[in-house]
Amino acid sequence: MFDYDLNDDQRELGATARRVFEQAGGLALARELFETRAYFSRALWRTMIELDWAGLAVPEAYGGSGGGILDLYAVCLESGRAVVSSPLIPSSVVAAHVLVGAAEGNQRVAELLGRLASGASIVAPALLEPGGVWDERGVETRLERSGGTAKVTGTKVLVPFADVADRLLATVRDRDGVSIVLVDPAATGVSITPTDNLASLPLCAVVMEGVEVDELVGRAGGGWPQLAPALARGAVLRAAETAGAGERILEMTVEYAKSRQQFGKAVGSYQAVQYLCTDIGIASHLTDLLARRAAWLIDTGRPHQRAAAAAKLHASRAAAHMTQRAHEVFAGLAFMMEHDLHLFTRHAKHWEHDLGDVRHHGEELVEALQREFVDGSQR
Amino acid sequence: MFDYDLNDDQRELGATARRVFEQAGGLALARELFETRAYFSRALWRTMIELDWAGLAVPEAYGGSGGGILDLYAVCLESGRAVVSSPLIPSSVVAAHVLVGAAEGNQRVAELLGRLASGASIVAPALLEPGGVWDERGVETRLERSGGTAKVTGTKVLVPFADVADRLLATVRDRDGVSIVLVDPAATGVSITPTDNLASLPLCAVVMEGVEVDELVGRAGGGWPQLAPALARGAVLRAAETAGAGERILEMTVEYAKSRQQFGKAVGSYQAVQYLCTDIGIASHLTDLLARRAAWLIDTGRPHQRAAAAAKLHASRAAAHMTQRAHEVFAGLAFMMEHDLHLFTRHAKHWEHDLGDVRHHGEELVEALQREFVDGSQR
Amino acid sequence: MDLTFSSEQEEWRDEVRTFLTAELPADFDWNSEYDEDEEGWAFALDFTRKVAGRGWIGLTWPMEYGGLARPAIDRFILWEELIRANAPVVNHIGWGLAANALLAGGTHEQKLRFLPPIARMETFWAEGLTEPDAGSDLASLRTSADWTGEHWIVNGQKTFTTWGTHADVLYLAARTDPAQPKHRGISIFCLDLRAPGVSFSPLHNIAGGRQNHTYFDDVIVPADCLIGEVGHGWDYIMGSFYAGGPMGGMECEQENRLAELTRWCSTVGRYGRPLIEDPYVRERLAELAVMTEISRVLSYEGLSNFLHRRPPRFGGALNTVVSKEMRPQFSQTISEIVGPLSQVRGESPAAPMTGRPAEWFLRGINNHAGGTPQVKRMVMATRGLGLPR
Amino acid sequence: MDLTFSSEQEEWRDEVRTFLTAELPADFDWNSEYDEDEEGWAFALDFTRKVAGRGWIGLTWPMEYGGLARPAIDRFILWEELIRANAPVVNHIGWGLAANALLAGGTHEQKLRFLPPIARMETFWAEGLTEPDAGSDLASLRTSADWTGEHWIVNGQKTFTTWGTHADVLYLAARTDPAQPKHRGISIFCLDLRAPGVSFSPLHNIAGGRQNHTYFDDVIVPADCLIGEVGHGWDYIMGSFYAGGPMGGMECEQENRLAELTRWCSTVGRYGRPLIEDPYVRERLAELAVMTEISRVLSYEGLSNFLHRRPPRFGGALNTVVSKEMRPQFSQTISEIVGPLSQVRGESPAAPMTGRPAEWFLRGINNHAGGTPQVKRMVMATRGLGLPR
């Protein structure tokens, strides 16, 4: 029957996630990781692995639990709410989805996927380059083949978890177009440098100079069609995180607006503040609705490009908008480190740009419109 | 001494303009012109001519009064306030400025300029083409020369006052680039059709098929440098009209918000409505400040590209924004024809796009930034 | 989560589409903003009678009152398709507010008397709630209905009565007890607009339609034309707004415009290339596409909540706030894409998309019918977020 | 209308520029949002002492109080140049609020005692107005000053005391008469921060600076440290905000960022061409340019009004509203231009423009100091447009 809500299992998974993230420390953990520049909590990641979340979206044949994006959606709403930094989206979703597509008949990939699904390995997608664009045209890292060896040269930026990954899953370009390779971070010619960033997230610059790689993951020149659905999955879940964070920001802000008195009444009774609070509610709830529908379309194998792009575009904007609105309500109070809001604000700047920003997904949307309305194919 | 205000003469001119436009009927005249599709009031235009406004910005040598853009600024604040439709900006400013630049040593142009300045003639700038862009690249109308004759073929749209003009001042293109020609609207091959539009303004489609024209106005291929400063002048004055209209919209809206009672108090006491009203005040006042400075820079011969482009960009946005905000305050009341607001709303849609829209002036601005900060030349 | 319709529902959708394809010319154009064109009006009446002929007006009503007793989701699908086809359906007040109020508060006799003629499109209803001084603050209405012992005598004025001069019956809210606090003393009535003492004065709106001031001068309303209990009118009024379940649609209208615009941008040139390749245009098309997706998910969420009887979040106000604020923004964005020619109206050969952007712009100004966006924000803040008044 | 400066004024500007060029390293970087870096702080103190050495701190004050008695327009020019050079000037409270309050309400003795050390940069002042429960509603402050017959005893707490632990004197507002209505019972004082009973607890802000909670536990303030009349503190506080005349500057800061960004966009590639040729980037650069022009005209208008003693429109609130609302928008727009790397901070070699966009983003969040934009909107609506409260 027509139903927009997550099912009981998914909601239970969400409840578990909320408990797990709270028990791990919740916002206090996020604060500690930020202040100590520890990047992420291995202990929490181990707990997530024990709960089988690392393999949640990996088919059972490769050692996963064969769940869907909507299952992860329930988890990501909560990881956003608690501002969790983990390899779940980059490794267990984006990299995993690419590997799943290439695993059949490729023992090496299948084994890596198994390790990824079991939590033994992290695979870091190395996609973005210094130009800072998420689409195919942004891939300038070169793949050069001579004789039996293939070598990669180029620079990737903001590669999540590169310094703790077993393998980097990198986009490369040669005369065939864009392909995907696995890079051993310990290989000669690879240099990995953590990048200081607003949220102290584990984002690294990866410089590759003539790094030898094994055969391609998937078809030569077919990298982008392999990657695009993986990016869409990651983007939708990043949007879920944004929605979850938005819910928490909304709660914090409304609670404050109800209790903070100025000019003899609660500031939340001023329409100016009511607009700020409803702005947050609108941005957060719409992000949830858009992303949830996109996740459902993905899980049911339906065309989802418009839905996923709209969800992440809206989420990117919402990430910036919700935190800004909350700062307006809290004013001086949340400009201080002792208040938790800045943890959201810092991560929001990452979410805004990660896995496609407003610009990238706007372009995706218009391409979809053209295909649907001009070229005449299906949405 | 440093002073941002118009001088006494200019303010007196503004006071005269306000009186003249009110005596001509004010908003009742605007309503009558709209409802009867009369396009503009010849009687009011005659009064404006008698006051020497048609030649206000034309040098005395050519029969004008040698005033500046700031003088016209004072008039245009008032013509916006009263939603006046007149040839002042297109003919007396835009066309006139192009002709002034070409009049020296060109008897034909000098004579036309004299007629324009005296009010005997209207010269309609025929610039925009169906692509709808205001810059040089938008000129596709062809100029073909063979033997001693020059012929023009192409379509111009939204040409103001074309059906009552003595001459059309048209941009044309040949292998030299863009040039400017004068077209006799009665010449063979010219067809002029009034275009039904939101504000019932005298905007015409002009189709030219092999229309014979005399020699060029100005240098072959030098049309755009001739036209650009004229467009800037027109754009700044269109911004002045928008600011003047904004003042009137602000007054109407605030007056209503003070008197209209709902839920037992004046709607203007609700912060939601206060935001709408202050939005109008901000948009209007900033448009005035930006445009006034641009006008002063023009009159004092200073570089003005950034200032003029910022003024019109802001004015274009303000035109849409102020009317929309006012409609929010008036709600159902101003959705009715009997309320005057829609007169502003309709004209605002013209002002928004006329003489360069947000997009055009954004491009102008960035070109200026590049010249100043990258190429290293002066602002 | 399941956003699919059952095969029966898809068949129903096909039935509606087949009907619409048969009854409407290709590329049919209809000014939903209260068209007053006589030919258009006649066509709309005729078309609506055909819809009535299928029994679809009372689609979800009980059989005994002229309905087909079908589930709410079928009505959602019907409206999606009607709006997708830009179908000229009229008598919204009859189908909607009045029928909902009658179903909720009317006696069996009243339902038997009023509903079947609506279902057959024999009576046309107008709305009689808003007054010049009672807009957002509807409960401050002053039109009075005084009981003589025999019947009600109505005096006062209503405003913005859309299609009032075409209508037979007015869905009227009037004050029956001036002594009660303002929400309490209100009752609702079916008022015969042909009765002596009813008069109209025209109010032309800027989108080309006619609304009206409606005046009552000692208009007699029979006792059996009061709906429900005396003094409980406010509850019926409020309950009737959404009682019939959600009506999808805004996303269909936006999807239509987006499709038309995308195609237009692919055929029209600017800077020597199709408009659709212009980055400025693409950025704005993306904005329109996001707005359309937002309408779609709000529509589906509303349906899901209704079907599962889940109370909507934020006091149900989020949907209204978002769609009202989006309305002028959508048409303004179109105007930015189209450029200077967006001010050109349909009568001109230069008009892009036969002048629709200009019409959409005018219609987009109306986001106040049923309450201003500002009032809905306050509902969301107080009822939805629990912020103090 | 005349937006030129006289030749004397241009010479003055040149003098300031020459000084700044000599004293500041090329490409000098300074976190105006309360830098706590020790080396930076030492440099700022040293630099400000050099400014003081020129007599420019008291530029417009009477000679007898350590000033140079120069006209307000010279101060405007000085600040334009200081901000254009991103000069590390500190002791704003001393130069500004405290000096203005002393000039307006202080006795001759107090002026002689407090102003010359400020002018010579010998005393550093902090602000003691805001309290945890008195932010936008400053007049609800509760810190008390009780008169013992001999001196004042101060108890209570202030917050957001920027550079408090570096400061010598606090510009304090305290309640001297709890019986009076809230604006009436307030007085202002110069409080010695070295006095017994003063303590601080740190408040680190997200832009890298330290502010403080400041606590007063029976702090003794001598009688002659009360400024002006008892109970009239509110008037001095309000009067002091703009008493010194407008200080241009926001447009200079924005112009600097715009220039830096434009140059950066010309050197960095994206899609195989310089970023500056990317239409998405160009559209946003244009937005920044418009914001910069807006700041410029507001600054000039403020100067003109001050010089001609014209009351500013809209109760003087428009400028504040616009600049406060623009602040986060400006840095957000920069972040959209720079893209994903805008989150990278300066310590990283991958940082664009040495990480400034990330710093600008954090600083841009602060638009509340001196009152929230929301409160300023209300001032504009009620005082500026005459709308009812």
# chains A, B, ... in the order shown; residues from 1 in each chain; ligands from 1

$ interface_residues --of "chain A" --to "chain D" --cutoff "9 Å" --atoms "only C-alpha atoms" --output "number ranges by chain"
A: 128, 130-133, 137-138, 157-158, 193-199, 205, 260-264, 272-273, 320, 324, 327-329, 331-338, 342, 346, 349-350, 352-354, 356-359

$ interface_residues --of "chain D" --to "chain C" --cutoff "10 Å" --atoms "only C-alpha atoms" --output "JSON list (two decimals) with N, CA, C and O atoms, in the first residue's frame"
[["chain", "number", "residue", "atom", "x", "y", "z"],
["D", 278, "ASP", "N", 34.24, 30.74, -16.16],
["D", 278, "ASP", "CA", 33.13, 29.84, -15.87],
["D", 278, "ASP", "C", 31.88, 30.68, -15.53],
["D", 278, "ASP", "O", 31.90, 31.47, -14.59],
["D", 279, "PRO", "N", 30.81, 30.53, -16.31],
["D", 279, "PRO", "CA", 29.62, 31.36, -16.07],
["D", 279, "PRO", "C", 29.06, 31.26, -14.66],
["D", 279, "PRO", "O", 28.57, 32.25, -14.11],
["D", 280, "TYR", "N", 29.13, 30.09, -14.07],
["D", 280, "TYR", "CA", 28.65, 29.91, -12.70],
["D", 280, "TYR", "C", 29.45, 30.81, -11.75],
["D", 280, "TYR", "O", 28.89, 31.45, -10.86],
["D", 283, "GLU", "N", 28.63, 34.62, -12.42],
["D", 283, "GLU", "CA", 27.37, 35.09, -11.84],
["D", 283, "GLU", "C", 27.56, 35.42, -10.36],
["D", 283, "GLU", "O", 27.02, 36.40, -9.86]]

$ select_by_dssp --residues "region 62-92 of chain C" --states "helix (DSSP H, G or I)" --output "ChimeraX atom specification"
/C:63-65,72-84,92

$ write_last_selection --atoms "N, CA, C and O atoms" --output "PDB file, in the first residue's frame"
ATOM      1  N   MET C  63     -22.797   6.335  -2.047  1.00  0.00           N
ATOM      2  CA  MET C  63     -23.659   6.129  -3.218  1.00  0.00           C
ATOM      3  C   MET C  63     -24.992   6.867  -3.088  1.00  0.00           C
ATOM      4  O   MET C  63     -25.495   7.431  -4.046  1.00  0.00           O
ATOM      5  N   GLU C  64     -25.538   6.837  -1.883  1.00  0.00           N
ATOM      6  CA  GLU C  64     -26.896   7.391  -1.730  1.00  0.00           C
ATOM      7  C   GLU C  64     -26.946   8.904  -1.995  1.00  0.00           C
ATOM      8  O   GLU C  64     -28.013   9.446  -2.226  1.00  0.00           O
ATOM      9  N   TYR C  65     -25.764   9.554  -1.948  1.00  0.00           N
ATOM     10  CA  TYR C  65     -25.757  11.001  -2.198  1.00  0.00           C
ATOM     11  C   TYR C  65     -25.180  11.324  -3.580  1.00  0.00           C
ATOM     12  O   TYR C  65     -24.653  12.411  -3.821  1.00  0.00           O
ATOM     13  N   ALA C  72     -10.131   7.433  -1.255  1.00  0.00           N
ATOM     14  CA  ALA C  72      -9.529   8.765  -1.417  1.00  0.00           C
ATOM     15  C   ALA C  72      -8.375   8.758  -2.406  1.00  0.00           C
ATOM     16  O   ALA C  72      -8.133   9.734  -3.118  1.00  0.00           O
ATOM     17  N   ILE C  73      -7.649   7.652  -2.479  1.00  0.00           N
ATOM     18  CA  ILE C  73      -6.493   7.621  -3.368  1.00  0.00           C
ATOM     19  C   ILE C  73      -6.937   7.760  -4.825  1.00  0.00           C
ATOM     20  O   ILE C  73      -6.223   8.325  -5.659  1.00  0.00           O
ATOM     21  N   ASP C  74      -8.147   7.291  -5.130  1.00  0.00           N
ATOM     22  CA  ASP C  74      -8.650   7.446  -6.494  1.00  0.00           C
ATOM     23  C   ASP C  74      -8.918   8.918  -6.810  1.00  0.00           C
ATOM     24  O   ASP C  74      -8.723   9.373  -7.938  1.00  0.00           O
ATOM     25  N   ARG C  75      -9.383   9.643  -5.808  1.00  0.00           N
ATOM     26  CA  ARG C  75      -9.596  11.067  -6.020  1.00  0.00           C
ATOM     27  C   ARG C  75      -8.259  11.786  -6.243  1.00  0.00           C
ATOM     28  O   ARG C  75      -8.139  12.680  -7.085  1.00  0.00           O
ATOM     29  N   PHE C  76      -7.241  11.375  -5.500  1.00  0.00           N
ATOM     30  CA  PHE C  76      -5.903  11.940  -5.677  1.00  0.00           C
ATOM     31  C   PHE C  76      -5.437  11.734  -7.123  1.00  0.00           C
ATOM     32  O   PHE C  76      -4.954  12.646  -7.781  1.00  0.00           O
ATOM     33  N   ILE C  77      -5.625  10.513  -7.604  1.00  0.00           N
ATOM     34  CA  ILE C  77      -5.211  10.189  -8.974  1.00  0.00           C
ATOM     35  C   ILE C  77      -6.023  10.996  -9.986  1.00  0.00           C
ATOM     36  O   ILE C  77      -5.479  11.562 -10.937  1.00  0.00           O
ATOM     37  N   LEU C  78      -7.333  11.081  -9.748  1.00  0.00           N
ATOM     38  CA  LEU C  78      -8.189  11.876 -10.647  1.00  0.00           C
ATOM     39  C   LEU C  78      -7.660  13.304 -10.757  1.00  0.00           C
ATOM     40  O   LEU C  78      -7.503  13.840 -11.856  1.00  0.00           O
ATOM     41  N   TRP C  79      -7.340  13.921  -9.623  1.00  0.00           N
ATOM     42  CA  TRP C  79      -6.901  15.309  -9.648  1.00  0.00           C
ATOM     43  C   TRP C  79      -5.520  15.464 -10.270  1.00  0.00           C
ATOM     44  O   TRP C  79      -5.250  16.451 -10.949  1.00  0.00           O
ATOM     45  N   GLU C  80      -4.664  14.488 -10.011  1.00  0.00           N
ATOM     46  CA  GLU C  80      -3.369  14.549 -10.700  1.00  0.00           C
ATOM     47  C   GLU C  80      -3.580  14.636 -12.207  1.00  0.00           C
ATOM     48  O   GLU C  80      -2.955  15.442 -12.899  1.00  0.00           O
ATOM     49  N   GLU C  81      -4.460  13.813 -12.692  1.00  0.00           N
ATOM     50  CA  GLU C  81      -4.664  13.759 -14.142  1.00  0.00           C
ATOM     51  C   GLU C  81      -5.410  14.982 -14.661  1.00  0.00           C
ATOM     52  O   GLU C  81      -5.110  15.483 -15.744  1.00  0.00           O
ATOM     53  N   LEU C  82      -6.374  15.459 -13.887  1.00  0.00           N
ATOM     54  CA  LEU C  82      -7.088  16.675 -14.306  1.00  0.00           C
ATOM     55  C   LEU C  82      -6.119  17.847 -14.426  1.00  0.00           C
ATOM     56  O   LEU C  82      -6.164  18.609 -15.390  1.00  0.00           O
ATOM     57  N   ILE C  83      -5.252  17.956 -13.446  1.00  0.00           N
ATOM     58  CA  ILE C  83      -4.339  19.102 -13.467  1.00  0.00           C
ATOM     59  C   ILE C  83      -3.251  18.896 -14.509  1.00  0.00           C
ATOM     60  O   ILE C  83      -2.851  19.827 -15.198  1.00  0.00           O
ATOM     61  N   ARG C  84      -2.796  17.662 -14.640  1.00  0.00           N
ATOM     62  CA  ARG C  84      -1.809  17.383 -15.676  1.00  0.00           C
ATOM     63  C   ARG C  84      -2.348  17.790 -17.045  1.00  0.00           C
ATOM     64  O   ARG C  84      -1.626  18.338 -17.876  1.00  0.00           O
ATOM     65  N   HIS C  92     -15.400  24.135  -8.003  1.00  0.00           N
ATOM     66  CA  HIS C  92     -14.552  23.613  -6.927  1.00  0.00           C
ATOM     67  C   HIS C  92     -15.198  23.753  -5.561  1.00  0.00           C
ATOM     68  O   HIS C  92     -14.998  22.920  -4.687  1.00  0.00           O
TER      69      HIS C  92
END

$ interface_residues --of "chain A" --to "chain B" --cutoff "12 Å" --atoms "only C-alpha atoms" --output "JSON, numbers by chain"
{"A": [269, 270, 271, 272, 273, 274, 275, 276]}

$ select_by_dssp --residues "region 196-227 of chain A" --states "strand (DSSP E)" --output "NGL selection string"
:A and (203-213)

$ write_last_selection --atoms "C-alpha atoms" --output "CSV table (one decimal), in the first residue's frame"
chain,number,residue,atom,x,y,z
A,203,LEU,CA,40.2,14.3,4.1
A,204,CYS,CA,43.5,13.8,2.4
A,205,ALA,CA,45.4,15.1,-0.6
A,206,VAL,CA,46.7,12.1,-2.6
A,207,VAL,CA,49.6,12.7,-5.1
A,208,MET,CA,50.3,9.8,-7.4
A,209,GLU,CA,53.4,9.9,-9.6
A,210,GLY,CA,53.8,7.0,-11.9
A,211,VAL,CA,52.1,4.6,-9.5
A,212,GLU,CA,51.8,1.1,-10.8
A,213,VAL,CA,48.3,-0.4,-10.7

$ atom_distance --atom1 "CA of Leu127 (chain A)" --atom2 "CA of Val172 (chain A)"
8.8 Å

$ atom_distance --atom1 "CA of Arg49 (chain D)" --atom2 "CA of Ile118 (chain D)"
10.1 Å

$ residues_around --residues "region 118-123 of chain A" --least-positions-apart "6" --cutoff "6 Å" --atoms "only C-alpha atoms" --output "list in words"
Ile49, Ala54, Ser91, Ala165, Asp166, Arg167 and Leu168 of chain A

$ residues_around --residues "region 303-313 of chain A" --least-positions-apart "6" --cutoff "7 Å" --atoms "only C-alpha atoms" --output "VMD selection string"
(chain A and resid 232 235 to 236 239 287 290 to 291 294 297 357 to 358 361 to 362 364 to 365 368 379) or (chain C and resid 290 293)

$ closest_atom_pairs --of "region 187-239 of chain A" --to "region 59-81 of chain A" --cutoff "8 Å" --atoms "only C-alpha atoms" --output "Markdown table"
| residue | atom | partner | partner_atom | distance |
| --- | --- | --- | --- | --- |
| A:Arg233 | CA | A:Ile69 | CA | 7.1 |
| A:Leu237 | CA | A:Tyr73 | CA | 6.0 |
| A:Arg238 | CA | A:Cys76 | CA | 7.5 |

$ residues_around --residues "Thr278 (chain A)" --least-positions-apart "3" --cutoff "12 Å" --atoms "only C-alpha atoms" --output "compact mmCIF listing (two decimals) with C-alpha atoms, in the first residue's frame"
# COMPACT_ATOMS: atom_id res chain seq x y z
CA GLY A 246 18.65 19.35 10.51
CA GLU A 247 16.24 17.63 12.86
CA ILE A 249 19.44 21.59 14.84
CA LEU A 250 15.71 22.26 14.76
CA GLU A 251 15.24 20.72 18.20
CA THR A 253 16.97 25.92 18.12
CA VAL A 254 13.31 25.59 19.04
CA ALA A 257 13.83 29.96 21.33
CA GLY A 268 10.49 32.29 19.97
CA GLN A 271 7.83 36.25 14.24
CA ALA A 272 11.35 37.07 13.09
CA VAL A 273 12.62 34.14 15.14
CA GLN A 274 9.64 32.02 14.10
CA TYR A 275 10.68 32.52 10.48
CA GLY A 281 12.13 22.88 9.75
CA ILE A 282 11.29 23.35 6.09
CA ALA A 283 14.85 22.84 4.86
CA SER A 284 15.31 19.75 6.97
CA HIS A 285 11.97 18.09 6.27
CA LEU A 286 12.12 18.71 2.51
CA HIS A 321 20.94 27.44 5.22
CA MET A 322 19.93 25.53 8.35
CA ARG A 325 19.54 30.22 10.41
CA ALA A 326 20.34 28.49 13.68
CA VAL A 329 18.73 32.45 16.55
CA ARG C 313 4.21 17.15 10.88
CA PHE C 314 4.32 20.83 11.70
CA GLY C 315 0.56 21.09 12.16
CA ALA C 317 1.29 23.86 7.62
CA LEU C 318 4.60 23.03 5.93
CA ASN C 319 3.04 22.01 2.64
CA VAL C 321 3.89 27.45 3.41
CA VAL C 322 6.19 25.89 0.86
CA GLN C 374 2.80 34.78 6.41
CA LYS C 376 0.70 29.90 7.44
CA ARG C 377 4.25 30.44 8.70
CA MET C 378 2.83 31.47 12.03
CA VAL C 379 0.63 28.38 12.12
CA MET C 380 3.69 26.27 11.43
CA ALA C 381 5.71 28.04 14.13
CA THR C 382 3.09 27.89 16.85
CA ARG C 383 1.06 24.78 16.09
CA GLY C 384 3.86 22.92 14.35
CA LEU C 385 6.90 23.79 16.44
CA GLY C 386 5.17 24.73 19.67
CA LEU C 387 6.67 28.20 19.75

$ atom_distance --atom1 "CA of Lys50 (chain C)" --atom2 "CA of Asp14 (chain C)"
16.9 Å
